[in-house]
$ cat structure30.cif   # mmCIF, C-alpha atoms
data_start
#
loop_
_atom_site.label_atom_id
_atom_site.label_comp_id
_atom_site.auth_asym_id
_atom_site.auth_seq_id
_atom_site.Cartn_x
_atom_site.Cartn_y
_atom_site.Cartn_z
CA MET E 259 40.06 1.84 -11.03
CA ILE E 260 36.59 0.62 -10.17
CA SER E 261 34.15 0.97 -13.04
CA VAL E 262 30.38 0.74 -13.04
CA TYR E 263 30.71 -2.76 -14.49
CA HIS E 264 32.31 -4.05 -11.31
CA TYR E 265 29.32 -2.95 -9.28
CA MET E 266 26.89 -4.36 -11.84
CA THR E 267 28.65 -7.72 -11.77
CA VAL E 268 28.38 -7.92 -7.98
CA SER E 269 24.74 -6.95 -8.29
CA ALA E 270 24.14 -9.66 -10.92
CA ILE E 271 25.72 -12.31 -8.71
CA LEU E 272 23.58 -11.26 -5.74
CA PHE E 273 20.45 -11.24 -7.88
CA ALA E 274 21.12 -14.74 -9.23
CA MET E 275 21.72 -16.01 -5.70
CA GLY E 276 18.44 -14.47 -4.59
CA THR E 277 16.67 -16.20 -7.48
CA TYR E 278 18.16 -19.53 -6.49
CA GLY E 279 17.09 -19.02 -2.88
CA VAL E 280 13.52 -18.12 -3.84
CA LEU E 281 13.23 -21.22 -6.01
CA THR E 282 14.78 -23.75 -3.63
CA ARG E 283 13.91 -22.77 -0.07
CA ARG E 284 10.73 -24.06 1.62
CA ASN E 285 10.52 -21.66 4.53
CA ALA E 286 8.37 -18.65 3.64
CA ILE E 287 10.44 -16.22 5.74
CA VAL E 288 13.68 -17.32 4.07
CA ILE E 289 12.03 -16.84 0.66
CA PHE E 290 11.07 -13.40 1.85
CA MET E 291 14.67 -12.64 2.82
CA CYS E 292 15.87 -13.83 -0.58
CA ILE E 293 13.45 -11.36 -2.19
CA GLU E 294 14.98 -8.64 -0.02
CA LEU E 295 18.40 -9.73 -1.30
CA MET E 296 17.22 -9.35 -4.90
CA LEU E 297 15.73 -5.92 -4.17
CA ASN E 298 19.02 -4.84 -2.66
CA SER E 299 21.03 -5.97 -5.64
CA VAL E 300 18.75 -3.88 -7.84
CA ASN E 301 19.33 -0.94 -5.49
CA LEU E 302 23.07 -1.35 -5.94
CA THR E 303 22.62 -1.21 -9.72
CA PHE E 304 20.51 1.93 -9.43
CA ILE E 305 23.06 3.75 -7.28
CA ALA E 306 26.02 2.63 -9.42
CA LEU E 307 24.30 3.87 -12.57
CA SER E 308 23.20 7.08 -10.87
CA ASN E 309 26.82 7.73 -9.93
CA HIS E 310 28.00 6.81 -13.41
CA LEU E 311 25.50 9.02 -15.21
CA GLN E 312 25.92 11.85 -12.67
CA SER E 313 22.21 12.13 -12.02
CA MET E 314 20.09 11.99 -8.86
CA ASP E 315 17.12 10.10 -10.31
CA GLY E 316 18.43 6.60 -9.61
CA GLN E 317 18.84 7.35 -5.93
CA ILE E 318 15.26 8.61 -5.71
CA PHE E 319 14.17 5.29 -7.20
CA VAL E 320 16.16 3.49 -4.51
CA PHE E 321 14.20 5.54 -2.01
CA PHE E 322 10.91 4.26 -3.44
CA VAL E 323 12.19 0.68 -3.63
CA MET E 324 12.99 0.91 0.08
CA THR E 325 9.49 2.24 0.80
CA VAL E 326 7.90 -0.63 -1.10
CA ALA E 327 10.19 -3.13 0.64
CA ALA E 328 9.17 -1.80 4.05
CA ALA E 329 5.47 -2.01 3.16
CA GLU E 330 6.02 -5.49 1.77
CA ALA E 331 7.79 -6.57 4.96
CA ALA E 332 4.91 -5.40 7.14
CA VAL E 333 2.15 -6.98 5.04
CA GLY E 334 4.11 -10.17 4.24
CA LEU E 335 5.00 -10.89 7.84
CA ALA E 336 1.40 -10.25 8.92
CA LEU E 337 0.31 -12.76 6.26
CA MET E 338 2.79 -15.29 7.60
CA ILE E 339 1.53 -14.85 11.15
CA ALA E 340 -2.05 -15.32 9.95
CA PHE E 341 -1.01 -18.43 8.02
CA TYR E 342 0.94 -19.86 10.96
CA ARG E 343 -2.14 -19.45 13.14
CA ASN E 344 -4.09 -21.71 10.77
CA ARG E 345 -1.53 -24.31 9.78
CA GLU E 346 1.10 -24.30 12.57
CA SER E 347 3.88 -23.98 9.98
CA ILE E 348 5.04 -21.57 7.31
CA ASP E 349 6.32 -24.20 4.91
CA VAL E 350 5.33 -23.14 1.40
CA ASP E 351 4.42 -26.74 0.57
CA ASN E 352 1.50 -26.41 2.99
CA ILE E 353 0.14 -23.32 1.23
CA ASN E 354 -2.24 -25.19 -1.06
CA LEU E 355 -5.71 -24.01 -0.05
CA MET E 356 -6.40 -22.55 -3.45
CA LYS E 357 -5.14 -25.56 -5.36
CA LEU E 358 -7.68 -27.47 -7.42
CA MET O 48 44.26 0.10 -3.03
CA GLU O 49 40.62 0.98 -3.63
CA ILE O 50 40.14 -1.97 -5.95
CA ILE O 51 41.48 -4.40 -3.32
CA PHE O 52 39.04 -2.97 -0.81
CA PHE O 53 36.25 -3.31 -3.38
CA TYR O 54 37.04 -6.97 -3.99
CA LEU O 55 37.21 -7.64 -0.26
CA VAL O 56 33.79 -6.09 0.38
CA ALA O 57 32.33 -7.83 -2.70
CA LEU O 58 33.65 -11.17 -1.45
CA VAL O 59 32.10 -10.63 1.98
CA ALA O 60 28.79 -9.59 0.37
CA VAL O 61 28.67 -12.66 -1.87
CA VAL O 62 29.66 -15.06 0.91
CA SER O 63 27.00 -13.62 3.23
CA GLY O 64 24.48 -13.87 0.41
CA PHE O 65 25.45 -17.51 0.05
CA LEU O 66 24.86 -17.97 3.79
CA VAL O 67 21.37 -16.48 3.34
CA ILE O 68 20.39 -19.10 0.81
CA ARG O 69 22.15 -22.09 2.35
CA CYS O 70 21.83 -21.83 6.15
CA GLN O 71 19.45 -24.30 7.75
CA SER O 72 18.31 -21.98 10.51
CA PRO O 73 16.32 -18.85 9.53
CA VAL O 74 18.11 -16.83 12.21
CA ASN O 75 21.48 -17.54 10.60
CA SER O 76 20.04 -16.54 7.22
CA ALA O 77 18.80 -13.28 8.71
CA LEU O 78 22.23 -12.51 10.16
CA GLY O 79 23.85 -13.22 6.80
CA LEU O 80 21.38 -10.84 5.20
CA VAL O 81 22.29 -8.10 7.70
CA ASN O 82 25.93 -8.64 6.76
CA THR O 83 25.07 -8.25 3.07
CA PHE O 84 23.20 -5.03 3.85
CA PHE O 85 26.25 -3.60 5.59
CA CYS O 86 28.47 -4.51 2.63
CA LEU O 87 26.02 -2.78 0.27
CA ALA O 88 26.09 0.27 2.54
CA ILE O 89 29.88 0.33 2.15
CA PHE O 90 29.40 0.23 -1.63
CA TYR O 91 27.02 3.18 -1.42
CA VAL O 92 29.63 5.17 0.48
CA MET O 93 32.20 4.28 -2.19
CA LEU O 94 29.71 5.51 -4.82
CA HIS O 95 29.43 8.92 -3.10
CA ALA O 96 25.92 8.31 -1.77
CA PRO O 97 26.38 8.58 2.01
CA PHE O 98 22.73 9.35 2.74
CA MET O 99 21.68 6.17 0.95
CA ALA O 100 24.19 4.22 3.05
CA ALA O 101 22.72 5.67 6.24
CA ILE O 102 19.19 4.84 5.09
CA GLN O 103 20.28 1.35 4.09
CA ILE O 104 21.59 0.67 7.59
CA MET O 105 18.71 2.36 9.42
CA VAL O 106 15.78 1.10 7.37
CA TYR O 107 17.00 -2.27 6.12
CA ALA O 108 19.45 -3.51 8.73
CA GLY O 109 17.59 -1.70 11.48
CA ALA O 110 13.86 -1.78 10.88
CA ILE O 111 13.10 -4.52 8.34
CA MET O 112 15.56 -7.08 9.69
CA VAL O 113 14.41 -6.50 13.26
CA LEU O 114 10.85 -7.10 12.07
CA ILE O 115 11.87 -10.33 10.32
CA LEU O 116 13.92 -11.56 13.29
CA PHE O 117 11.02 -10.68 15.58
CA VAL O 118 8.64 -12.83 13.53
CA ILE O 119 11.16 -15.70 13.39
CA MET O 120 11.47 -15.63 17.18
CA LEU O 121 7.70 -15.21 17.62
CA LEU O 122 6.85 -18.23 15.48
CA ASN O 123 9.72 -20.20 17.06
CA LEU O 124 10.95 -21.57 13.75
CA GLY O 125 13.57 -24.24 14.07
CA THR O 126 15.79 -25.57 11.35
CA GLU O 127 13.73 -26.59 8.39
CA ALA O 128 13.69 -30.26 7.51
CA ARG O 129 15.54 -30.49 4.23
CA LYS O 130 13.62 -32.71 1.91
CA SER O 131 15.09 -34.33 -1.14
CA TYR O 132 13.92 -32.09 -3.96
CA THR O 133 16.84 -32.89 -6.22
CA HIS O 134 15.10 -32.10 -9.48
CA GLY O 135 13.77 -28.85 -8.03
CA ILE O 136 17.26 -27.83 -6.99
CA VAL O 137 18.69 -28.69 -10.39
CA TRP O 138 16.06 -26.67 -12.24
CA SER O 139 16.44 -23.75 -9.85
CA ALA O 140 20.20 -23.82 -10.30
CA ILE O 141 19.76 -23.81 -14.06
CA ALA O 142 17.27 -20.93 -13.88
CA SER O 143 19.47 -18.79 -11.66
CA LEU O 144 22.56 -19.58 -13.74
CA LEU O 145 20.64 -18.49 -16.83
CA VAL O 146 19.77 -15.22 -15.12
CA LEU O 147 23.41 -14.74 -14.13
CA CYS O 148 24.78 -15.57 -17.61
CA ASN O 149 22.23 -13.31 -19.23
CA VAL O 150 23.14 -10.32 -17.08
CA ILE O 151 26.91 -10.95 -17.27
CA TYR O 152 26.64 -11.25 -21.05
CA PHE O 153 24.90 -7.92 -21.33
CA ILE O 154 27.35 -6.28 -18.96
CA LYS O 155 30.32 -7.66 -20.90
CA ARG O 156 28.97 -6.88 -24.36
CA GLY O 157 27.10 -3.66 -23.71
CA ARG O 158 28.26 -0.23 -22.81
CA VAL O 159 26.45 1.87 -20.24
CA THR O 160 25.21 5.12 -21.70
CA GLY O 161 22.37 7.46 -20.97
CA ALA O 162 21.43 11.06 -20.55
CA GLU O 163 24.12 12.43 -18.26
CA GLY O 164 23.17 14.89 -15.58
CA ASP O 165 25.30 17.60 -14.07
CA ILE O 166 25.77 16.26 -10.55
CA THR O 167 29.41 15.29 -10.24
CA ASP O 168 31.16 13.86 -7.21
CA PHE O 169 32.50 17.32 -6.52
CA THR O 170 28.96 18.76 -6.42
CA VAL O 171 27.89 16.06 -4.02
CA GLN O 172 30.78 16.85 -1.73
CA SER O 173 30.39 20.62 -1.84
CA VAL O 174 26.58 20.97 -1.78
CA GLY O 175 25.78 17.87 0.26
CA HIS O 176 24.06 14.66 -0.64
CA VAL O 177 20.97 15.17 1.51
CA GLU O 178 20.30 18.58 0.01
CA LEU O 179 20.58 17.26 -3.54
CA ILE O 180 18.24 14.36 -2.78
CA GLY O 181 15.77 16.63 -1.05
CA LYS O 182 15.74 19.09 -3.95
CA THR O 183 15.10 16.34 -6.48
CA MET O 184 12.53 14.55 -4.37
CA PHE O 185 10.42 17.57 -3.49
CA THR O 186 10.42 19.11 -6.96
CA GLU O 187 10.57 16.49 -9.70
CA PHE O 188 9.32 13.50 -7.72
CA LEU O 189 6.73 15.16 -5.52
CA LEU O 190 3.76 13.12 -6.76
CA PRO O 191 5.48 9.70 -6.35
CA PHE O 192 6.52 10.83 -2.87
CA GLU O 193 2.89 11.52 -1.91
CA ILE O 194 1.78 8.21 -3.43
CA ALA O 195 4.44 6.44 -1.36
CA SER O 196 2.87 7.89 1.79
CA ILE O 197 -0.50 6.43 0.75
CA LEU O 198 1.22 3.08 0.12
CA LEU O 199 2.65 3.12 3.64
CA LEU O 200 -0.76 3.94 5.09
CA VAL O 201 -2.29 1.00 3.21
CA ALA O 202 0.51 -1.25 4.48
CA ILE O 203 -0.13 -0.21 8.09
CA VAL O 204 -3.87 -0.85 7.83
CA GLY O 205 -3.31 -4.12 5.96
CA ALA O 206 -0.81 -5.44 8.50
CA VAL O 207 -3.14 -4.66 11.40
CA VAL O 208 -6.14 -6.26 9.66
CA LEU O 209 -4.22 -9.38 8.67
CA ALA O 210 -2.61 -9.98 12.03
CA LYS O 211 -5.78 -9.49 14.07
CA LYS O 212 -7.54 -12.61 15.28
CA GLU O 213 -11.03 -11.59 14.16
CA VAL O 214 -11.78 -8.47 12.19
#

$ encode --input "structure30.cif" --output "structure tokens"
Amino acid sequence: MISVYHYMTVSAILFAMGTYGVLTRRNAIVIFMCIELMLNSVNLTFIALSNHLQSMDGQIFVFFVMTVAAAEAAVGLALMIAFYRNRESIDVDNINLMKL
Amino acid sequence: MEIIFFYLVALVAVVSGFLVIRCQSPVNSALGLVNTFFCLAIFYVMLHAPFMAAIQIMVYAGAIMVLILFVIMLLNLGTEARKSYTHGIVWSAIASLLVLCNVIYFIKRGRVTGAEGDITDFTVQSVGHVELIGKTMFTEFLLPFEIASILLLVAIVGAVVLAKKEV
């Protein structure tokens, strides 16, 4: 029988992998995709708990997480295009304009 | 039978997640991410949330990933030159392992409790998932729903302003 703990373990593994990707990758778009991976693992936790506790609230939160992720995708990718126009790359090592 | 299927889907999800963080080419990472999204959609169906599965595929695998792939193709990103950041990789591995151990520890030691609602799997199947979500969203969560629409408006304006050559 599948319990809620199974789903939460999968979600934890995905979240840790997303963390690793965010910290190691240099390409801004790949970092962005790793953040999406982390958001999705949190969504899985929300839906598993919502099913476990027999309530609808968790799924509404997933709805709002998806809204925020869509807004973040639009603004983040526009930022990357603006940055690429200046620097001809989206390597995060080159993003140092505000460094002292 | 169900547990075997669960482990199979979980394995595919984790392997595709691994592809996301290890592939050299961003396009391969994006395809791995789409695969993970589909596996998560299967999980949502197994958790009796079919509407969420449909939204996951339409919004994430459809809209957001197409946007990301479009930008990857537009910027013509090749494989990234892998530099030797050994200490960075070690510290990141330690950090993510700490996160993983922390969460696994709490999952193993803790017990999930909370205020239980009255929406059982049977209710979801007889009333319908979309109707239940709609009822909750347009009664209890009406104000957050309206705020989300403002957030989307801000995102549209922000994306247009940022991507324009001169404002």

$ residues_around --input "structure30.cif" --residues "region 272-287 of chain E" --least-positions-apart "4" --cutoff "6 Å" --atoms "all atoms listed in the file" --output "number ranges by chain"
E: 292, 295-296, 299, 348-350; O: 68, 136, 139, 143, 147

$ write_last_selection --input "structure30.cif" --atoms "C-alpha atoms" --output "short mmCIF file (atom, residue, chain, number, x, y, z; two decimals), in the frame of the given file"
data_model
loop_
_atom_site.label_atom_id
_atom_site.label_comp_id
_atom_site.auth_asym_id
_atom_site.auth_seq_id
_atom_site.Cartn_x
_atom_site.Cartn_y
_atom_site.Cartn_z
CA CYS E 292 15.87 -13.83 -0.58
CA LEU E 295 18.40 -9.73 -1.30
CA MET E 296 17.22 -9.35 -4.90
CA SER E 299 21.03 -5.97 -5.64
CA ILE E 348 5.04 -21.57 7.31
CA ASP E 349 6.32 -24.20 4.91
CA VAL E 350 5.33 -23.14 1.40
CA ILE O 68 20.39 -19.10 0.81
CA ILE O 136 17.26 -27.83 -6.99
CA SER O 139 16.44 -23.75 -9.85
CA SER O 143 19.47 -18.79 -11.66
CA LEU O 147 23.41 -14.74 -14.13
#

$ closest_atom_pairs --input "structure30.cif" --of "chain E" --to "chain O" --cutoff "8 Å" --atoms "only C-alpha atoms" --output "CSV"
residue,atom,partner,partner_atom,distance
E:Met259,CA,O:Ile50,CA,6.4
E:Ile260,CA,O:Ile50,CA,6.1
E:Tyr263,CA,O:Ile154,CA,6.6
E:Met266,CA,O:Ile154,CA,7.4
E:Thr267,CA,O:Ile151,CA,6.6
E:Val268,CA,O:Ala57,CA,6.6
E:Ala270,CA,O:Leu147,CA,6.1
E:Ile271,CA,O:Leu147,CA,6.4
E:Leu272,CA,O:Val61,CA,6.5
E:Phe273,CA,O:Leu147,CA,7.8
E:Ala274,CA,O:Ser143,CA,5.0
E:Met275,CA,O:Ser143,CA,7.0
E:Gly276,CA,O:Ile68,CA,7.4
E:Thr277,CA,O:Ser143,CA,5.7
E:Tyr278,CA,O:Ser143,CA,5.4
E:Gly279,CA,O:Ile68,CA,5.0
E:Leu281,CA,O:Ser139,CA,5.6
E:Thr282,CA,O:Ile136,CA,5.8
E:Arg283,CA,O:Ile68,CA,7.5
E:Arg284,CA,O:Glu127,CA,7.8
E:Asn285,CA,O:Glu127,CA,7.0
E:Ile287,CA,O:Pro73,CA,7.5
E:Val288,CA,O:Pro73,CA,6.3
E:Met291,CA,O:Ala77,CA,7.2
E:Cys292,CA,O:Ile68,CA,7.1
E:Leu295,CA,O:Leu80,CA,7.2
E:Asn298,CA,O:Phe84,CA,7.7
E:Leu302,CA,O:Leu87,CA,7.0
E:Ile305,CA,O:Tyr91,CA,7.1
E:Ala306,CA,O:Leu94,CA,6.6
E:Asn309,CA,O:Leu94,CA,6.3
E:Leu311,CA,O:Glu163,CA,4.8
E:Gln312,CA,O:Ile166,CA,4.9
E:Ser313,CA,O:Gly164,CA,4.6
E:Met314,CA,O:Ile180,CA,6.8
E:Asp315,CA,O:Thr183,CA,7.6
E:Gln317,CA,O:Met99,CA,7.5
E:Ile318,CA,O:Met184,CA,6.7
E:Phe322,CA,O:Ala195,CA,7.1
E:Met324,CA,O:Val106,CA,7.8
E:Thr325,CA,O:Ala195,CA,6.9
E:Val326,CA,O:Leu198,CA,7.7
E:Ala328,CA,O:Ile111,CA,6.4
E:Ala329,CA,O:Ala202,CA,5.2
E:Glu330,CA,O:Ala202,CA,7.5
E:Ala331,CA,O:Ile111,CA,6.6
E:Ala332,CA,O:Ala206,CA,5.9
E:Val333,CA,O:Ala206,CA,4.8
E:Leu335,CA,O:Val118,CA,7.0
E:Ala336,CA,O:Ala210,CA,5.1
E:Leu337,CA,O:Leu209,CA,6.1
E:Ile339,CA,O:Ala210,CA,6.5
E:Ala340,CA,O:Ala210,CA,5.8
E:Tyr342,CA,O:Leu122,CA,7.6

$ closest_residue --input "structure30.cif" --among "E:Gly334, E:Ile353, E:Phe319, E:Ala327" --to "Glu294 (chain E)" --atoms "all atoms listed in the file"
E:Ala327

$ atom_distance --input "structure30.cif" --atom1 "CA of Gly316 (chain E)" --atom2 "CA of Gly109 (chain O)"
22.7 Å

$ atom_distance --input "structure30.cif" --atom1 "CA of Phe153 (chain O)" --atom2 "CA of His134 (chain O)"
28.7 Å

$ atom_distance --input "structure30.cif" --atom1 "CA of Thr303 (chain E)" --atom2 "CA of Gln172 (chain O)"
21.4 Å

$ axis_aligned_box --input "structure30.cif" --around "region 276-284 of chain E" --padding-each-side "5 Å" --output "lines of an AutoDock Vina configuration file"
center_x = 14.6
center_y = -19.3
center_z = -2.9
size_x = 17.7
size_y = 19.6
size_z = 19.1

$ closest_residue --input "structure30.cif" --among "O:Val113, O:Val56, O:Leu66, O:Ala108" --to "Gly79 (chain O)" --atoms "all atoms listed in the file"
O:Leu66

$ residues_around --input "structure30.cif" --residues "Leu355 (chain E)" --least-positions-apart "2" --cutoff "12 Å" --atoms "only C-alpha atoms" --output "PDB file with C-alpha atoms, keeping the file's coordinate frame"
ATOM      1  CA  PHE E 341      -1.010 -18.430   8.020  1.00  0.00           C
ATOM      2  CA  ASN E 344      -4.090 -21.710  10.770  1.00  0.00           C
ATOM      3  CA  ARG E 345      -1.530 -24.310   9.780  1.00  0.00           C
ATOM      4  CA  VAL E 350       5.330 -23.140   1.400  1.00  0.00           C
ATOM      5  CA  ASP E 351       4.420 -26.740   0.570  1.00  0.00           C
ATOM      6  CA  ASN E 352       1.500 -26.410   2.990  1.00  0.00           C
ATOM      7  CA  ILE E 353       0.140 -23.320   1.230  1.00  0.00           C
ATOM      8  CA  LYS E 357      -5.140 -25.560  -5.360  1.00  0.00           C
ATOM      9  CA  LEU E 358      -7.680 -27.470  -7.420  1.00  0.00           C
TER      10      LEU E 358
END

$ closest_residue --input "structure30.cif" --among "E:Val262, E:Ile289, E:Met356, E:Val300" --to "Phe321 (chain E)" --atoms "all atoms listed in the file"
E:Val300

$ build_atoms --input "structure30.cif" --residues "region 302-336 of chain E" --atoms "N, CA and C atoms" --output "PDB file, keeping the file's coordinate frame"
ATOM      1  N   LEU E 302      21.651  -1.599  -5.670  1.00  0.00           N
ATOM      2  CA  LEU E 302      23.070  -1.350  -5.940  1.00  0.00           C
ATOM      3  C   LEU E 302      23.260  -0.935  -7.402  1.00  0.00           C
ATOM      4  N   THR E 303      22.528  -1.603  -8.313  1.00  0.00           N
ATOM      5  CA  THR E 303      22.620  -1.210  -9.720  1.00  0.00           C
ATOM      6  C   THR E 303      22.167   0.231  -9.916  1.00  0.00           C
ATOM      7  N   PHE E 304      21.038   0.570  -9.288  1.00  0.00           N
ATOM      8  CA  PHE E 304      20.510   1.930  -9.430  1.00  0.00           C
ATOM      9  C   PHE E 304      21.535   2.960  -8.975  1.00  0.00           C
ATOM     10  N   ILE E 305      22.158   2.727  -7.817  1.00  0.00           N
ATOM     11  CA  ILE E 305      23.060   3.750  -7.280  1.00  0.00           C
ATOM     12  C   ILE E 305      24.338   3.796  -8.108  1.00  0.00           C
ATOM     13  N   ALA E 306      24.819   2.627  -8.583  1.00  0.00           N
ATOM     14  CA  ALA E 306      26.020   2.630  -9.420  1.00  0.00           C
ATOM     15  C   ALA E 306      25.768   3.410 -10.701  1.00  0.00           C
ATOM     16  N   LEU E 307      24.600   3.165 -11.318  1.00  0.00           N
ATOM     17  CA  LEU E 307      24.300   3.870 -12.570  1.00  0.00           C
ATOM     18  C   LEU E 307      24.060   5.355 -12.326  1.00  0.00           C
ATOM     19  N   SER E 308      23.436   5.678 -11.191  1.00  0.00           N
ATOM     20  CA  SER E 308      23.200   7.080 -10.870  1.00  0.00           C
ATOM     21  C   SER E 308      24.518   7.817 -10.692  1.00  0.00           C
ATOM     22  N   ASN E 309      25.499   7.119 -10.083  1.00  0.00           N
ATOM     23  CA  ASN E 309      26.820   7.730  -9.930  1.00  0.00           C
ATOM     24  C   ASN E 309      27.520   7.845 -11.277  1.00  0.00           C
ATOM     25  N   HIS E 310      27.332   6.815 -12.115  1.00  0.00           N
ATOM     26  CA  HIS E 310      28.000   6.810 -13.410  1.00  0.00           C
ATOM     27  C   HIS E 310      27.445   7.896 -14.329  1.00  0.00           C
ATOM     28  N   LEU E 311      26.122   8.046 -14.326  1.00  0.00           N
ATOM     29  CA  LEU E 311      25.500   9.020 -15.210  1.00  0.00           C
ATOM     30  C   LEU E 311      25.379  10.404 -14.589  1.00  0.00           C
ATOM     31  N   GLN E 312      25.892  10.557 -13.380  1.00  0.00           N
ATOM     32  CA  GLN E 312      25.920  11.850 -12.670  1.00  0.00           C
ATOM     33  C   GLN E 312      24.525  12.462 -12.575  1.00  0.00           C
ATOM     34  N   SER E 313      23.572  11.641 -12.147  1.00  0.00           N
ATOM     35  CA  SER E 313      22.210  12.130 -12.020  1.00  0.00           C
ATOM     36  C   SER E 313      21.658  11.652 -10.681  1.00  0.00           C
ATOM     37  N   MET E 314      20.644  12.335 -10.169  1.00  0.00           N
ATOM     38  CA  MET E 314      20.090  11.990  -8.860  1.00  0.00           C
ATOM     39  C   MET E 314      18.909  11.029  -8.967  1.00  0.00           C
ATOM     40  N   ASP E 315      18.386  10.816 -10.172  1.00  0.00           N
ATOM     41  CA  ASP E 315      17.120  10.100 -10.310  1.00  0.00           C
ATOM     42  C   ASP E 315      17.186   8.669  -9.791  1.00  0.00           C
ATOM     43  N   GLY E 316      18.306   7.984 -10.059  1.00  0.00           N
ATOM     44  CA  GLY E 316      18.430   6.600  -9.610  1.00  0.00           C
ATOM     45  C   GLY E 316      18.314   6.481  -8.106  1.00  0.00           C
ATOM     46  N   GLN E 317      18.879   7.447  -7.389  1.00  0.00           N
ATOM     47  CA  GLN E 317      18.840   7.350  -5.930  1.00  0.00           C
ATOM     48  C   GLN E 317      17.437   7.598  -5.407  1.00  0.00           C
ATOM     49  N   ILE E 318      16.659   8.432  -6.125  1.00  0.00           N
ATOM     50  CA  ILE E 318      15.260   8.610  -5.710  1.00  0.00           C
ATOM     51  C   ILE E 318      14.505   7.296  -5.897  1.00  0.00           C
ATOM     52  N   PHE E 319      14.827   6.579  -6.990  1.00  0.00           N
ATOM     53  CA  PHE E 319      14.170   5.290  -7.200  1.00  0.00           C
ATOM     54  C   PHE E 319      14.519   4.307  -6.093  1.00  0.00           C
ATOM     55  N   VAL E 320      15.778   4.352  -5.633  1.00  0.00           N
ATOM     56  CA  VAL E 320      16.160   3.490  -4.510  1.00  0.00           C
ATOM     57  C   VAL E 320      15.313   3.812  -3.284  1.00  0.00           C
ATOM     58  N   PHE E 321      15.062   5.099  -3.106  1.00  0.00           N
ATOM     59  CA  PHE E 321      14.200   5.540  -2.010  1.00  0.00           C
ATOM     60  C   PHE E 321      12.835   4.851  -2.088  1.00  0.00           C
ATOM     61  N   PHE E 322      12.241   4.849  -3.299  1.00  0.00           N
ATOM     62  CA  PHE E 322      10.910   4.260  -3.440  1.00  0.00           C
ATOM     63  C   PHE E 322      10.956   2.746  -3.315  1.00  0.00           C
ATOM     64  N   VAL E 323      12.055   2.134  -3.807  1.00  0.00           N
ATOM     65  CA  VAL E 323      12.190   0.680  -3.630  1.00  0.00           C
ATOM     66  C   VAL E 323      12.216   0.334  -2.146  1.00  0.00           C
ATOM     67  N   MET E 324      12.926   1.164  -1.363  1.00  0.00           N
ATOM     68  CA  MET E 324      12.990   0.910   0.080  1.00  0.00           C
ATOM     69  C   MET E 324      11.617   1.067   0.717  1.00  0.00           C
ATOM     70  N   THR E 325      10.842   2.068   0.273  1.00  0.00           N
ATOM     71  CA  THR E 325       9.490   2.240   0.800  1.00  0.00           C
ATOM     72  C   THR E 325       8.637   1.002   0.523  1.00  0.00           C
ATOM     73  N   VAL E 326       8.699   0.544  -0.734  1.00  0.00           N
ATOM     74  CA  VAL E 326       7.900  -0.630  -1.100  1.00  0.00           C
ATOM     75  C   VAL E 326       8.360  -1.854  -0.321  1.00  0.00           C
ATOM     76  N   ALA E 327       9.683  -1.980  -0.109  1.00  0.00           N
ATOM     77  CA  ALA E 327      10.190  -3.130   0.640  1.00  0.00           C
ATOM     78  C   ALA E 327       9.704  -3.100   2.082  1.00  0.00           C
ATOM     79  N   ALA E 328       9.649  -1.899   2.678  1.00  0.00           N
ATOM     80  CA  ALA E 328       9.170  -1.800   4.050  1.00  0.00           C
ATOM     81  C   ALA E 328       7.692  -2.178   4.131  1.00  0.00           C
ATOM     82  N   ALA E 329       6.891  -1.671   3.173  1.00  0.00           N
ATOM     83  CA  ALA E 329       5.470  -2.010   3.160  1.00  0.00           C
ATOM     84  C   ALA E 329       5.281  -3.509   2.956  1.00  0.00           C
ATOM     85  N   GLU E 330       6.098  -4.060   2.051  1.00  0.00           N
ATOM     86  CA  GLU E 330       6.020  -5.490   1.770  1.00  0.00           C
ATOM     87  C   GLU E 330       6.388  -6.310   3.002  1.00  0.00           C
ATOM     88  N   ALA E 331       7.399  -5.852   3.749  1.00  0.00           N
ATOM     89  CA  ALA E 331       7.790  -6.570   4.960  1.00  0.00           C
ATOM     90  C   ALA E 331       6.642  -6.600   5.952  1.00  0.00           C
ATOM     91  N   ALA E 332       6.000  -5.448   6.158  1.00  0.00           N
ATOM     92  CA  ALA E 332       4.910  -5.400   7.140  1.00  0.00           C
ATOM     93  C   ALA E 332       3.767  -6.317   6.728  1.00  0.00           C
ATOM     94  N   VAL E 333       3.306  -6.189   5.479  1.00  0.00           N
ATOM     95  CA  VAL E 333       2.150  -6.980   5.040  1.00  0.00           C
ATOM     96  C   VAL E 333       2.517  -8.469   4.948  1.00  0.00           C
ATOM     97  N   GLY E 334       3.708  -8.768   4.402  1.00  0.00           N
ATOM     98  CA  GLY E 334       4.110 -10.170   4.240  1.00  0.00           C
ATOM     99  C   GLY E 334       4.239 -10.888   5.573  1.00  0.00           C
ATOM    100  N   LEU E 335       4.833 -10.224   6.558  1.00  0.00           N
ATOM    101  CA  LEU E 335       5.000 -10.890   7.840  1.00  0.00           C
ATOM    102  C   LEU E 335       3.651 -11.052   8.536  1.00  0.00           C
ATOM    103  N   ALA E 336       2.747 -10.082   8.356  1.00  0.00           N
ATOM    104  CA  ALA E 336       1.400 -10.250   8.920  1.00  0.00           C
ATOM    105  C   ALA E 336       0.695 -11.441   8.276  1.00  0.00           C
TER     106      ALA E 336
END
